[in-house]
$ cat input37.cif   # mmCIF, N, CA and C atoms
data_my_file
#
loop_
_atom_site.label_atom_id
_atom_site.label_comp_id
_atom_site.auth_asym_id
_atom_site.auth_seq_id
_atom_site.Cartn_x
_atom_site.Cartn_y
_atom_site.Cartn_z
N MET A 1 0.81 -1.19 0.00
CA MET A 1 0.00 0.00 0.00
C MET A 1 0.85 1.25 0.00
N ASN A 2 1.93 1.18 0.66
CA ASN A 2 2.81 2.34 0.71
C ASN A 2 3.27 2.72 -0.69
N LYS A 3 3.53 1.70 -1.52
CA LYS A 3 3.95 1.97 -2.89
C LYS A 3 2.83 2.65 -3.67
N MET A 4 1.58 2.24 -3.42
CA MET A 4 0.45 2.83 -4.13
C MET A 4 0.27 4.28 -3.72
N GLU A 5 0.41 4.57 -2.46
CA GLU A 5 0.30 5.95 -2.00
C GLU A 5 1.41 6.78 -2.61
N THR A 6 2.59 6.23 -2.72
CA THR A 6 3.70 6.95 -3.32
C THR A 6 3.41 7.22 -4.79
N THR A 7 2.89 6.22 -5.48
CA THR A 7 2.58 6.39 -6.90
C THR A 7 1.49 7.44 -7.06
N HIS A 8 0.52 7.41 -6.19
CA HIS A 8 -0.57 8.39 -6.24
C HIS A 8 -0.03 9.79 -6.00
N LYS A 9 0.83 9.93 -5.04
CA LYS A 9 1.41 11.24 -4.76
C LYS A 9 2.30 11.68 -5.89
N ASP A 10 3.06 10.78 -6.46
CA ASP A 10 3.92 11.13 -7.59
C ASP A 10 3.07 11.60 -8.77
N TRP A 11 2.01 10.90 -9.03
CA TRP A 11 1.13 11.27 -10.14
C TRP A 11 0.54 12.65 -9.93
N TRP A 12 0.09 12.89 -8.71
CA TRP A 12 -0.50 14.18 -8.39
C TRP A 12 0.54 15.29 -8.48
N GLN A 13 1.72 15.03 -8.02
CA GLN A 13 2.80 16.02 -8.09
C GLN A 13 3.15 16.33 -9.54
N ARG A 14 3.21 15.26 -10.37
CA ARG A 14 3.53 15.48 -11.78
C ARG A 14 2.44 16.32 -12.45
N LEU A 15 1.18 16.06 -12.12
CA LEU A 15 0.08 16.83 -12.71
C LEU A 15 0.15 18.28 -12.28
N LYS A 16 0.42 18.52 -11.02
CA LYS A 16 0.53 19.90 -10.52
C LYS A 16 1.67 20.64 -11.18
N SER A 17 2.78 19.98 -11.34
CA SER A 17 3.93 20.66 -11.97
C SER A 17 3.66 20.91 -13.45
N TYR A 18 2.94 19.97 -14.12
CA TYR A 18 2.60 20.16 -15.53
C TYR A 18 1.65 21.34 -15.68
N MET A 19 0.68 21.44 -14.74
CA MET A 19 -0.27 22.55 -14.81
C MET A 19 0.41 23.88 -14.56
N LYS A 20 1.39 23.91 -13.68
CA LYS A 20 2.12 25.16 -13.41
C LYS A 20 2.96 25.57 -14.61
N SER A 21 3.55 24.61 -15.27
CA SER A 21 4.41 24.95 -16.40
C SER A 21 3.59 25.28 -17.66
N HIS A 22 2.37 24.76 -17.77
CA HIS A 22 1.51 25.03 -18.94
C HIS A 22 0.22 25.71 -18.48
N THR A 23 0.33 26.86 -17.92
CA THR A 23 -0.80 27.58 -17.35
C THR A 23 -1.87 27.92 -18.40
N SER A 24 -1.46 28.38 -19.56
CA SER A 24 -2.42 28.78 -20.58
C SER A 24 -3.23 27.56 -21.06
N LEU A 25 -2.58 26.41 -21.24
CA LEU A 25 -3.28 25.20 -21.65
C LEU A 25 -4.25 24.75 -20.56
N THR A 26 -3.85 24.87 -19.31
CA THR A 26 -4.71 24.51 -18.18
C THR A 26 -5.95 25.40 -18.15
N ILE A 27 -5.78 26.68 -18.40
CA ILE A 27 -6.91 27.60 -18.42
C ILE A 27 -7.87 27.26 -19.56
N ILE A 28 -7.33 26.96 -20.73
CA ILE A 28 -8.16 26.62 -21.89
C ILE A 28 -8.96 25.33 -21.62
N ILE A 29 -8.29 24.31 -21.08
CA ILE A 29 -8.98 23.05 -20.78
C ILE A 29 -10.05 23.26 -19.73
N SER A 30 -9.76 24.06 -18.70
CA SER A 30 -10.75 24.36 -17.66
C SER A 30 -11.94 25.11 -18.25
N ALA A 31 -11.66 26.05 -19.13
CA ALA A 31 -12.74 26.81 -19.76
C ALA A 31 -13.62 25.92 -20.63
N VAL A 32 -12.99 25.00 -21.38
CA VAL A 32 -13.75 24.07 -22.23
C VAL A 32 -14.64 23.17 -21.38
N ILE A 33 -14.08 22.65 -20.30
CA ILE A 33 -14.87 21.78 -19.42
C ILE A 33 -16.02 22.57 -18.79
N LEU A 34 -15.75 23.78 -18.34
CA LEU A 34 -16.78 24.62 -17.76
C LEU A 34 -17.87 24.95 -18.79
N LEU A 35 -17.44 25.25 -20.02
CA LEU A 35 -18.38 25.56 -21.09
C LEU A 35 -19.27 24.35 -21.39
N GLU A 36 -18.70 23.17 -21.46
CA GLU A 36 -19.48 21.95 -21.72
C GLU A 36 -20.49 21.69 -20.60
N VAL A 37 -20.09 21.88 -19.37
CA VAL A 37 -21.00 21.68 -18.24
C VAL A 37 -22.14 22.69 -18.31
N MET A 38 -21.80 23.95 -18.59
CA MET A 38 -22.82 24.99 -18.69
C MET A 38 -23.79 24.70 -19.84
N MET A 39 -23.28 24.26 -20.97
CA MET A 39 -24.15 23.94 -22.10
C MET A 39 -25.06 22.76 -21.77
N GLY A 40 -24.55 21.78 -21.06
CA GLY A 40 -25.38 20.65 -20.66
C GLY A 40 -26.51 21.08 -19.74
N VAL A 41 -26.19 21.93 -18.77
CA VAL A 41 -27.20 22.43 -17.84
C VAL A 41 -28.24 23.27 -18.60
N MET A 42 -27.77 24.14 -19.50
CA MET A 42 -28.69 24.96 -20.28
C MET A 42 -29.58 24.10 -21.18
N PHE A 43 -29.02 23.06 -21.79
CA PHE A 43 -29.80 22.16 -22.65
C PHE A 43 -30.89 21.48 -21.86
N LEU A 44 -30.54 20.94 -20.70
CA LEU A 44 -31.54 20.24 -19.89
C LEU A 44 -32.62 21.19 -19.38
N SER A 45 -32.23 22.39 -18.95
CA SER A 45 -33.25 23.33 -18.46
C SER A 45 -34.13 23.82 -19.61
N ALA A 46 -33.56 24.07 -20.79
CA ALA A 46 -34.36 24.48 -21.94
C ALA A 46 -35.30 23.36 -22.36
N GLN A 47 -34.82 22.14 -22.36
CA GLN A 47 -35.66 21.00 -22.73
C GLN A 47 -36.83 20.86 -21.76
N ASN A 48 -36.57 21.00 -20.48
CA ASN A 48 -37.65 20.92 -19.48
C ASN A 48 -38.64 22.06 -19.65
N PHE A 49 -38.12 23.26 -19.91
CA PHE A 49 -39.00 24.43 -20.11
C PHE A 49 -39.89 24.24 -21.33
N ILE A 50 -39.31 23.79 -22.43
CA ILE A 50 -40.08 23.57 -23.66
C ILE A 50 -41.13 22.48 -23.45
N GLN A 51 -40.75 21.42 -22.76
CA GLN A 51 -41.70 20.34 -22.51
C GLN A 51 -42.86 20.83 -21.65
N ARG A 52 -42.59 21.57 -20.59
CA ARG A 52 -43.66 22.11 -19.74
C ARG A 52 -44.56 23.05 -20.53
N THR A 53 -43.95 23.90 -21.35
CA THR A 53 -44.73 24.85 -22.15
C THR A 53 -45.61 24.13 -23.15
N MET A 54 -45.08 23.11 -23.81
CA MET A 54 -45.87 22.36 -24.78
C MET A 54 -47.02 21.62 -24.11
N VAL A 55 -46.78 21.06 -22.94
CA VAL A 55 -47.86 20.37 -22.21
C VAL A 55 -48.96 21.36 -21.86
N GLN A 56 -48.59 22.55 -21.40
CA GLN A 56 -49.58 23.56 -21.06
C GLN A 56 -50.36 24.00 -22.30
N MET A 57 -49.67 24.18 -23.43
CA MET A 57 -50.34 24.59 -24.66
C MET A 57 -51.30 23.51 -25.15
N VAL A 58 -50.86 22.27 -25.10
CA VAL A 58 -51.72 21.16 -25.55
C VAL A 58 -52.93 21.03 -24.63
N GLU A 59 -52.74 21.16 -23.32
CA GLU A 59 -53.86 21.08 -22.40
C GLU A 59 -54.87 22.20 -22.66
N ALA A 60 -54.37 23.41 -22.91
CA ALA A 60 -55.27 24.53 -23.19
C ALA A 60 -56.02 24.30 -24.50
N GLU A 61 -55.32 23.82 -25.52
CA GLU A 61 -55.95 23.55 -26.82
C GLU A 61 -56.99 22.44 -26.70
N MET A 62 -56.66 21.39 -25.98
CA MET A 62 -57.60 20.29 -25.80
C MET A 62 -58.83 20.73 -24.99
N SER A 63 -58.62 21.58 -24.02
CA SER A 63 -59.73 22.09 -23.22
C SER A 63 -60.66 22.93 -24.09
N ALA A 64 -60.09 23.77 -24.93
CA ALA A 64 -60.91 24.60 -25.83
C ALA A 64 -61.66 23.73 -26.82
N THR A 65 -61.00 22.71 -27.36
CA THR A 65 -61.66 21.79 -28.30
C THR A 65 -62.79 21.04 -27.60
N TYR A 66 -62.54 20.58 -26.39
CA TYR A 66 -63.57 19.87 -25.63
C TYR A 66 -64.79 20.77 -25.41
N LEU A 67 -64.55 22.02 -25.02
CA LEU A 67 -65.67 22.93 -24.76
C LEU A 67 -66.45 23.21 -26.04
N SER A 68 -65.74 23.35 -27.15
CA SER A 68 -66.41 23.59 -28.43
C SER A 68 -67.27 22.39 -28.82
N ILE A 69 -66.73 21.21 -28.69
CA ILE A 69 -67.48 19.99 -29.02
C ILE A 69 -68.67 19.84 -28.08
N ARG A 70 -68.45 20.09 -26.80
CA ARG A 70 -69.53 19.96 -25.82
C ARG A 70 -70.66 20.95 -26.11
N ASN A 71 -70.30 22.16 -26.52
CA ASN A 71 -71.30 23.17 -26.85
C ASN A 71 -72.13 22.72 -28.05
N LYS A 72 -71.47 22.25 -29.10
CA LYS A 72 -72.19 21.80 -30.30
C LYS A 72 -73.03 20.57 -29.99
N LEU A 73 -72.50 19.69 -29.18
CA LEU A 73 -73.24 18.47 -28.83
C LEU A 73 -74.50 18.80 -28.05
N SER A 74 -74.44 19.77 -27.16
CA SER A 74 -75.64 20.12 -26.39
C SER A 74 -76.70 20.73 -27.30
N ILE A 75 -76.29 21.52 -28.31
CA ILE A 75 -77.26 22.09 -29.25
C ILE A 75 -77.92 20.96 -30.05
N VAL A 76 -77.12 20.01 -30.50
CA VAL A 76 -77.67 18.88 -31.26
C VAL A 76 -78.58 18.03 -30.37
N GLU A 77 -78.21 17.84 -29.12
CA GLU A 77 -79.04 17.05 -28.21
C GLU A 77 -80.41 17.69 -28.01
N VAL A 78 -80.45 19.01 -27.90
CA VAL A 78 -81.73 19.71 -27.75
C VAL A 78 -82.58 19.50 -29.00
N SER A 79 -81.96 19.61 -30.17
CA SER A 79 -82.69 19.39 -31.42
C SER A 79 -83.24 17.97 -31.49
N ILE A 80 -82.44 17.01 -31.09
CA ILE A 80 -82.87 15.61 -31.12
C ILE A 80 -84.00 15.38 -30.12
N ASP A 81 -83.91 15.98 -28.94
CA ASP A 81 -84.99 15.83 -27.96
C ASP A 81 -86.30 16.38 -28.51
N ASN A 82 -86.23 17.53 -29.14
CA ASN A 82 -87.44 18.12 -29.72
C ASN A 82 -87.99 17.23 -30.84
N LEU A 83 -87.11 16.67 -31.63
CA LEU A 83 -87.53 15.82 -32.74
C LEU A 83 -88.09 14.48 -32.26
N SER A 84 -87.57 13.95 -31.16
CA SER A 84 -87.98 12.62 -30.71
C SER A 84 -89.47 12.57 -30.34
N ARG A 85 -89.99 13.64 -29.78
CA ARG A 85 -91.41 13.66 -29.44
C ARG A 85 -92.28 13.62 -30.70
N VAL A 86 -91.89 14.39 -31.70
CA VAL A 86 -92.65 14.43 -32.95
C VAL A 86 -92.58 13.07 -33.65
N VAL A 87 -91.40 12.46 -33.66
CA VAL A 87 -91.21 11.18 -34.34
C VAL A 87 -92.02 10.09 -33.64
N SER A 88 -92.00 10.06 -32.33
CA SER A 88 -92.71 8.99 -31.61
C SER A 88 -94.23 9.08 -31.81
N GLU A 89 -94.74 10.27 -32.06
CA GLU A 89 -96.18 10.43 -32.31
C GLU A 89 -96.55 10.11 -33.76
N SER A 90 -95.60 10.11 -34.67
CA SER A 90 -95.90 9.97 -36.11
C SER A 90 -95.19 8.80 -36.74
N LEU A 91 -95.00 7.70 -36.05
CA LEU A 91 -94.26 6.56 -36.59
C LEU A 91 -94.96 5.92 -37.78
N ASP A 92 -96.28 6.06 -37.87
CA ASP A 92 -97.00 5.42 -38.96
C ASP A 92 -96.99 6.24 -40.25
N LYS A 93 -96.51 7.47 -40.24
CA LYS A 93 -96.46 8.33 -41.43
C LYS A 93 -95.08 8.22 -42.08
N GLN A 94 -94.93 7.25 -42.96
CA GLN A 94 -93.62 6.94 -43.55
C GLN A 94 -93.04 8.10 -44.34
N GLU A 95 -93.84 8.66 -45.24
CA GLU A 95 -93.32 9.71 -46.13
C GLU A 95 -93.03 11.00 -45.38
N TRP A 96 -93.76 11.23 -44.30
CA TRP A 96 -93.53 12.45 -43.53
C TRP A 96 -92.17 12.41 -42.83
N MET A 97 -91.66 11.23 -42.56
CA MET A 97 -90.35 11.10 -41.91
C MET A 97 -89.23 11.61 -42.82
N PHE A 98 -89.38 11.46 -44.14
CA PHE A 98 -88.40 12.03 -45.06
C PHE A 98 -88.37 13.55 -44.93
N GLU A 99 -89.55 14.13 -44.91
CA GLU A 99 -89.64 15.59 -44.79
C GLU A 99 -89.08 16.05 -43.44
N LEU A 100 -89.37 15.30 -42.40
CA LEU A 100 -88.90 15.64 -41.06
C LEU A 100 -87.37 15.60 -40.99
N SER A 101 -86.76 14.55 -41.54
CA SER A 101 -85.30 14.46 -41.50
C SER A 101 -84.67 15.55 -42.35
N GLN A 102 -85.32 15.89 -43.47
CA GLN A 102 -84.80 16.96 -44.33
C GLN A 102 -84.87 18.31 -43.62
N ARG A 103 -85.97 18.57 -42.93
CA ARG A 103 -86.09 19.83 -42.18
C ARG A 103 -85.04 19.92 -41.07
N MET A 104 -84.79 18.81 -40.43
CA MET A 104 -83.81 18.79 -39.34
C MET A 104 -82.43 19.20 -39.85
N VAL A 105 -82.03 18.66 -40.99
CA VAL A 105 -80.73 19.00 -41.57
C VAL A 105 -80.74 20.45 -42.07
N GLN A 106 -81.86 20.86 -42.65
CA GLN A 106 -81.97 22.20 -43.24
C GLN A 106 -81.93 23.28 -42.16
N ASN A 107 -82.58 23.05 -41.03
CA ASN A 107 -82.70 24.08 -40.00
C ASN A 107 -81.53 24.16 -39.03
N SER A 108 -80.71 23.15 -38.98
CA SER A 108 -79.58 23.15 -38.05
C SER A 108 -78.27 22.97 -38.84
N PRO A 109 -77.48 24.03 -38.96
CA PRO A 109 -76.24 23.92 -39.75
C PRO A 109 -75.20 22.98 -39.13
N MET A 110 -75.35 22.64 -37.86
CA MET A 110 -74.39 21.74 -37.23
C MET A 110 -74.70 20.27 -37.50
N ILE A 111 -75.89 19.99 -38.00
CA ILE A 111 -76.27 18.61 -38.28
C ILE A 111 -76.07 18.36 -39.77
N TRP A 112 -75.26 17.38 -40.09
CA TRP A 112 -74.96 17.05 -41.49
C TRP A 112 -75.83 15.92 -42.00
N GLY A 113 -76.38 15.13 -41.13
CA GLY A 113 -77.24 14.02 -41.55
C GLY A 113 -78.22 13.68 -40.45
N CYS A 114 -79.42 13.24 -40.87
CA CYS A 114 -80.45 12.88 -39.89
C CYS A 114 -81.26 11.74 -40.46
N GLY A 115 -81.58 10.77 -39.64
CA GLY A 115 -82.37 9.64 -40.10
C GLY A 115 -83.21 9.08 -38.97
N VAL A 116 -84.26 8.37 -39.36
CA VAL A 116 -85.12 7.70 -38.40
C VAL A 116 -85.05 6.21 -38.74
N ALA A 117 -84.47 5.43 -37.87
CA ALA A 117 -84.31 4.00 -38.12
C ALA A 117 -85.45 3.24 -37.45
N TYR A 118 -86.12 2.45 -38.24
CA TYR A 118 -87.22 1.63 -37.73
C TYR A 118 -86.68 0.23 -37.38
N ALA A 119 -87.42 -0.47 -36.54
CA ALA A 119 -87.06 -1.85 -36.20
C ALA A 119 -87.16 -2.70 -37.46
N PRO A 120 -86.30 -3.70 -37.61
CA PRO A 120 -86.37 -4.56 -38.80
C PRO A 120 -87.75 -5.18 -38.98
N GLY A 121 -88.28 -5.03 -40.20
CA GLY A 121 -89.59 -5.59 -40.51
C GLY A 121 -90.77 -4.76 -40.03
N TYR A 122 -90.55 -3.52 -39.61
CA TYR A 122 -91.63 -2.66 -39.11
C TYR A 122 -92.65 -2.40 -40.22
N TYR A 123 -92.13 -2.15 -41.43
CA TYR A 123 -92.99 -1.99 -42.61
C TYR A 123 -92.78 -3.18 -43.52
N PRO A 124 -93.73 -4.10 -43.60
CA PRO A 124 -93.54 -5.31 -44.42
C PRO A 124 -93.46 -5.02 -45.91
N GLN A 125 -94.04 -3.89 -46.39
CA GLN A 125 -94.01 -3.60 -47.82
C GLN A 125 -92.62 -3.14 -48.29
N TYR A 126 -91.74 -2.75 -47.37
CA TYR A 126 -90.38 -2.36 -47.72
C TYR A 126 -89.44 -3.50 -47.39
N ASP A 127 -88.16 -3.28 -47.66
CA ASP A 127 -87.16 -4.28 -47.28
C ASP A 127 -87.20 -4.50 -45.78
N LYS A 128 -86.39 -5.40 -45.34
CA LYS A 128 -86.33 -5.69 -43.91
C LYS A 128 -85.98 -4.44 -43.10
N PHE A 129 -85.08 -3.63 -43.66
CA PHE A 129 -84.65 -2.41 -42.98
C PHE A 129 -85.23 -1.19 -43.69
N TYR A 130 -85.76 -0.25 -42.91
CA TYR A 130 -86.34 0.96 -43.47
C TYR A 130 -85.84 2.13 -42.63
N MET A 131 -85.25 3.13 -43.31
CA MET A 131 -84.71 4.28 -42.59
C MET A 131 -84.72 5.50 -43.50
N PRO A 132 -85.66 6.41 -43.33
CA PRO A 132 -85.60 7.67 -44.07
C PRO A 132 -84.38 8.46 -43.58
N TYR A 133 -83.59 8.94 -44.51
CA TYR A 133 -82.33 9.61 -44.15
C TYR A 133 -82.12 10.80 -45.06
N SER A 134 -81.68 11.92 -44.49
CA SER A 134 -81.32 13.12 -45.25
C SER A 134 -79.91 13.51 -44.88
N VAL A 135 -79.17 13.96 -45.89
CA VAL A 135 -77.78 14.34 -45.67
C VAL A 135 -77.47 15.61 -46.44
N ARG A 136 -76.64 16.45 -45.84
CA ARG A 136 -76.24 17.71 -46.47
C ARG A 136 -75.08 17.42 -47.44
N ARG A 137 -75.24 17.88 -48.66
CA ARG A 137 -74.18 17.78 -49.68
C ARG A 137 -73.84 19.19 -50.12
N GLY A 138 -72.70 19.67 -49.72
CA GLY A 138 -72.34 21.05 -50.05
C GLY A 138 -73.04 22.03 -49.12
N GLN A 139 -73.13 23.28 -49.54
CA GLN A 139 -73.70 24.31 -48.67
C GLN A 139 -75.23 24.32 -48.68
N ASP A 140 -75.86 24.19 -49.85
CA ASP A 140 -77.31 24.34 -49.89
C ASP A 140 -78.01 23.16 -50.59
N SER A 141 -77.41 22.01 -50.59
CA SER A 141 -78.02 20.84 -51.21
C SER A 141 -78.24 19.77 -50.16
N ILE A 142 -79.47 19.30 -50.05
CA ILE A 142 -79.82 18.25 -49.10
C ILE A 142 -80.45 17.10 -49.89
N ILE A 143 -79.96 15.91 -49.69
CA ILE A 143 -80.45 14.73 -50.40
C ILE A 143 -81.13 13.82 -49.39
N SER A 144 -82.33 13.37 -49.73
CA SER A 144 -83.07 12.42 -48.90
C SER A 144 -83.08 11.07 -49.60
N MET A 145 -82.90 10.03 -48.82
CA MET A 145 -82.90 8.67 -49.40
C MET A 145 -83.56 7.71 -48.44
#
$ encode --input "input37.cif" --output "C-alpha cells"
Amino acid sequence: MNKMETTHKDWWQRLKSYMKSHTSLTIIISAVILLEVMMGVMFLSAQNFIQRTMVQMVEAEMSATYLSIRNKLSIVEVSIDNLSRVVSESLDKQEWMFELSQRMVQNSPMIWGCGVAYAPGYYPQYDKFYMPYSVRRGQDSIISM
C-alpha cells in the first residue's frame, strides 16, 4: 500500500507541476470543461422548459376543443330531444319522416345528416330495414334517401 500511496502522490505532483508549467493550456482546458458543463445544464433546463410549455399549450388547446365539441353536442341534443317527441307520435307516417329528416338538416347547420331507423320488418311492404335519411351535400343541397 505504501507503494500505491507513493505512486498516487507522484502522479498528483507530476500533474501539478505540468499545470504550473503550462498555465495557458490549463486555463483553456478548464474553460472548455466549464463551457461543456454549462451547455449541458442549459440544454436540460431548456428542454424541461419547452416540454412544460408544450404540455400547457396542448392542455389549453384540448380544453378549448372539448368545450367547443360539448357546446355543439348540447345544441344537437336539444334538437334531437325536440324531434324525438314528434317522431314517436308519427311513426306510422312513412313519407312524412323524409320531410322531417330533411327539415332537421336544413334548420340546423351543425347537423350534417339525420335519419329515423325503424325496427327490422316494421314496414312489411319495404325491405327488412327501413330508414328515411337526409344528408347535407355542399352548402345548400340536401339529399333524402
$ atom_distance --input "input37.cif" --atom1 "atom CA of A:Asn107" --atom2 "atom CA of A:Leu73"
15.7 Å
$ residues_around --input "input37.cif" --residues "A:Ile111" --least-positions-apart "6" --cutoff "8 Å" --atoms "only C-alpha atoms" --output "JSON, numbers by chain"
{"A": [76, 104, 105]}
$ closest_residue --input "input37.cif" --among "A:Asp81, A:Pro120, A:Lys72, A:Pro132" --to "A:Ser101" --atoms "only C-alpha atoms"
A:Pro132
$ residues_near_point --input "input37.cif" --point "(-86.9, 1.1, -44.1)" --cutoff "9 Å" --atoms "only C-alpha atoms" --output "PyMOL selection string"
chain A and resi 94+116-123+126-132
$ select_by_dssp --input "input37.cif" --residues "chain A" --states "helix (DSSP H, G or I)" --output "PyMOL selection string"
chain A and resi 2-21+23-89+94-107
$ atom_distance --input "input37.cif" --atom1 "atom N of A:Gln125" --atom2 "atom CA of A:Ile142"
26.5 Å
$ axis_aligned_box --input "input37.cif" --around "stretch 100-104 of chain A" --padding-each-side "8 Å" --output "lines of an AutoDock Vina configuration file"
center_x = -85.9
center_y = 17.2
center_z = -41.8
size_x = 22.9
size_y = 21.5
size_z = 21.0
$ decode --input "input37.cif" --residues "stretch 36-63 of chain A" --atoms "C-alpha atoms" --output "PDB file, in the first residue's frame"
ATOM      1  CA  GLU A  36     -19.483  21.954 -21.722  1.00  0.00           C
ATOM      2  CA  VAL A  37     -20.997  21.680 -18.243  1.00  0.00           C
ATOM      3  CA  MET A  38     -22.824  24.991 -18.693  1.00  0.00           C
ATOM      4  CA  MET A  39     -24.150  23.940 -22.103  1.00  0.00           C
ATOM      5  CA  GLY A  40     -25.376  20.647 -20.656  1.00  0.00           C
ATOM      6  CA  VAL A  41     -27.202  22.432 -17.841  1.00  0.00           C
ATOM      7  CA  MET A  42     -28.693  24.965 -20.281  1.00  0.00           C
ATOM      8  CA  PHE A  43     -29.795  22.163 -22.648  1.00  0.00           C
ATOM      9  CA  LEU A  44     -31.536  20.244 -19.885  1.00  0.00           C
ATOM     10  CA  SER A  45     -33.249  23.326 -18.462  1.00  0.00           C
ATOM     11  CA  ALA A  46     -34.360  24.481 -21.942  1.00  0.00           C
ATOM     12  CA  GLN A  47     -35.657  21.001 -22.732  1.00  0.00           C
ATOM     13  CA  ASN A  48     -37.648  20.918 -19.485  1.00  0.00           C
ATOM     14  CA  PHE A  49     -38.998  24.428 -20.108  1.00  0.00           C
ATOM     15  CA  ILE A  50     -40.084  23.572 -23.661  1.00  0.00           C
ATOM     16  CA  GLN A  51     -41.702  20.342 -22.515  1.00  0.00           C
ATOM     17  CA  ARG A  52     -43.658  22.108 -19.743  1.00  0.00           C
ATOM     18  CA  THR A  53     -44.725  24.853 -22.151  1.00  0.00           C
ATOM     19  CA  MET A  54     -45.865  22.361 -24.779  1.00  0.00           C
ATOM     20  CA  VAL A  55     -47.855  20.367 -22.215  1.00  0.00           C
ATOM     21  CA  GLN A  56     -49.584  23.560 -21.060  1.00  0.00           C
ATOM     22  CA  MET A  57     -50.339  24.589 -24.660  1.00  0.00           C
ATOM     23  CA  VAL A  58     -51.720  21.162 -25.546  1.00  0.00           C
ATOM     24  CA  GLU A  59     -53.863  21.083 -22.400  1.00  0.00           C
ATOM     25  CA  ALA A  60     -55.270  24.533 -23.193  1.00  0.00           C
ATOM     26  CA  GLU A  61     -55.954  23.550 -26.822  1.00  0.00           C
ATOM     27  CA  MET A  62     -57.604  20.285 -25.804  1.00  0.00           C
ATOM     28  CA  SER A  63     -59.732  22.086 -23.222  1.00  0.00           C
TER      29      SER A  63
END
